[in-house]
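A quick write-up on the structure given underneath.
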Amino acid sequence: MKTLTIYSTPTCGNCKEAKQYLNSLGIEYQDVDLTQDSNSMSFIRSQGHRTVPQIYLGEQQFVTGLNELKKLSAQEILQKINT
């Protein structure tokens with residue numbers, strides 16, 4: 001099974017809420033702190049993003065942010081991860 005990656009910063013409220021939402025659903029993810037990982041920051045910027053959280057599945061964007069993530073149920077998220 002693939003794992004979601006949340007590109008975030010420590011002071012981002014939406015990042016914290018996205019992680020809390022996934023935790024409440026029991027969905028595993030990798031958290032990448034962009035303030036500590038310059039390669040990941042370069043990747044996110046190369047994708048045209050200027051805000052966080054950015055939520056990816058592998059090299060593909062999974063959803064466009066917190067609001068889109070919260071529209072998905074645990075079953076919908078797992079289905080997307082496992083396809």
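Every chain in the structure tokens takes a letter, A first, then B, and so on in the order presented; its residues are numbered from 1, and the ligands are numbered from 1 following the presented order.
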
Residue neighbourhood Asp31 in chain A, 8 Å, only C-alpha atoms, exclusion window fewer than 4 positions, as an MDAnalysis selection string: chainID A and resid 5:8

Mind writing the picked residues with N, CA and C atoms as a PDB file, in the first residue's frame?
ATOM      1  N   THR A   5       1.842  11.582   1.636  1.00  0.00           N
ATOM      2  CA  THR A   5       2.854  12.489   2.165  1.00  0.00           C
ATOM      3  C   THR A   5       2.216  13.860   2.313  1.00  0.00           C
ATOM      4  N   ILE A   6       2.345  14.424   3.504  1.00  0.00           N
ATOM      5  CA  ILE A   6       1.877  15.788   3.743  1.00  0.00           C
ATOM      6  C   ILE A   6       3.106  16.679   3.852  1.00  0.00           C
ATOM      7  N   TYR A   7       3.224  17.597   2.913  1.00  0.00           N
ATOM      8  CA  TYR A   7       4.282  18.601   2.959  1.00  0.00           C
ATOM      9  C   TYR A   7       3.722  19.762   3.770  1.00  0.00           C
ATOM     10  N   SER A   8       4.402  20.090   4.853  1.00  0.00           N
ATOM     11  CA  SER A   8       3.845  21.040   5.812  1.00  0.00           C
ATOM     12  C   SER A   8       4.937  21.918   6.410  1.00  0.00           C
TER      13      SER A   8
END

Quick one: contact table of range 15-52 of chain A to range 70-76 of chain A, 12 Å max, nearest atom pair and distance in Å to one decimal per residue, counting only C-alpha atoms, chain and number order, as a tab-separated table?
residue	atom	partner	partner_atom	distance
A:Glu17	CA	A:Lys70	CA	9.5
A:Ala18	CA	A:Lys70	CA	7.8
A:Lys19	CA	A:Lys70	CA	10.8
A:Gln20	CA	A:Lys70	CA	10.7
A:Tyr21	CA	A:Lys70	CA	7.3
A:Leu22	CA	A:Ala74	CA	8.1
A:Asn23	CA	A:Ala74	CA	10.3
A:Ser24	CA	A:Ala74	CA	9.3
A:Leu25	CA	A:Ala74	CA	5.7
A:Gly26	CA	A:Ala74	CA	8.0
A:Ile27	CA	A:Ala74	CA	7.4
A:Glu28	CA	A:Ala74	CA	11.0

Helix (DSSP H, G or I) positions in chain A, given as a PyMOL selection string: chain A and resi 13-25+38-46+66-70+74-81

For Thr51 in chain A, the nearest of the candidates A:Tyr29, A:Glu68, A:Asn14, A:Val63, counting only C-alpha atoms: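 For Thr51 in chain A, the nearest of the candidates is A:Asn14.
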
Residue with smallest distance to Lys80 in chain A - pool A:Leu57, A:Cys15, A:Met41, A:Leu34, counting only C-alpha atoms: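 For Lys80 in chain A, the nearest of the given residues is A:Leu57.
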
One-decimal distance in Å that lies between CA of Ile81 in chain A and CA of Asp33 in chain A: 21.7 Å

DSSP strand (DSSP E or B) residues within chain A, as a count of residues only: 18
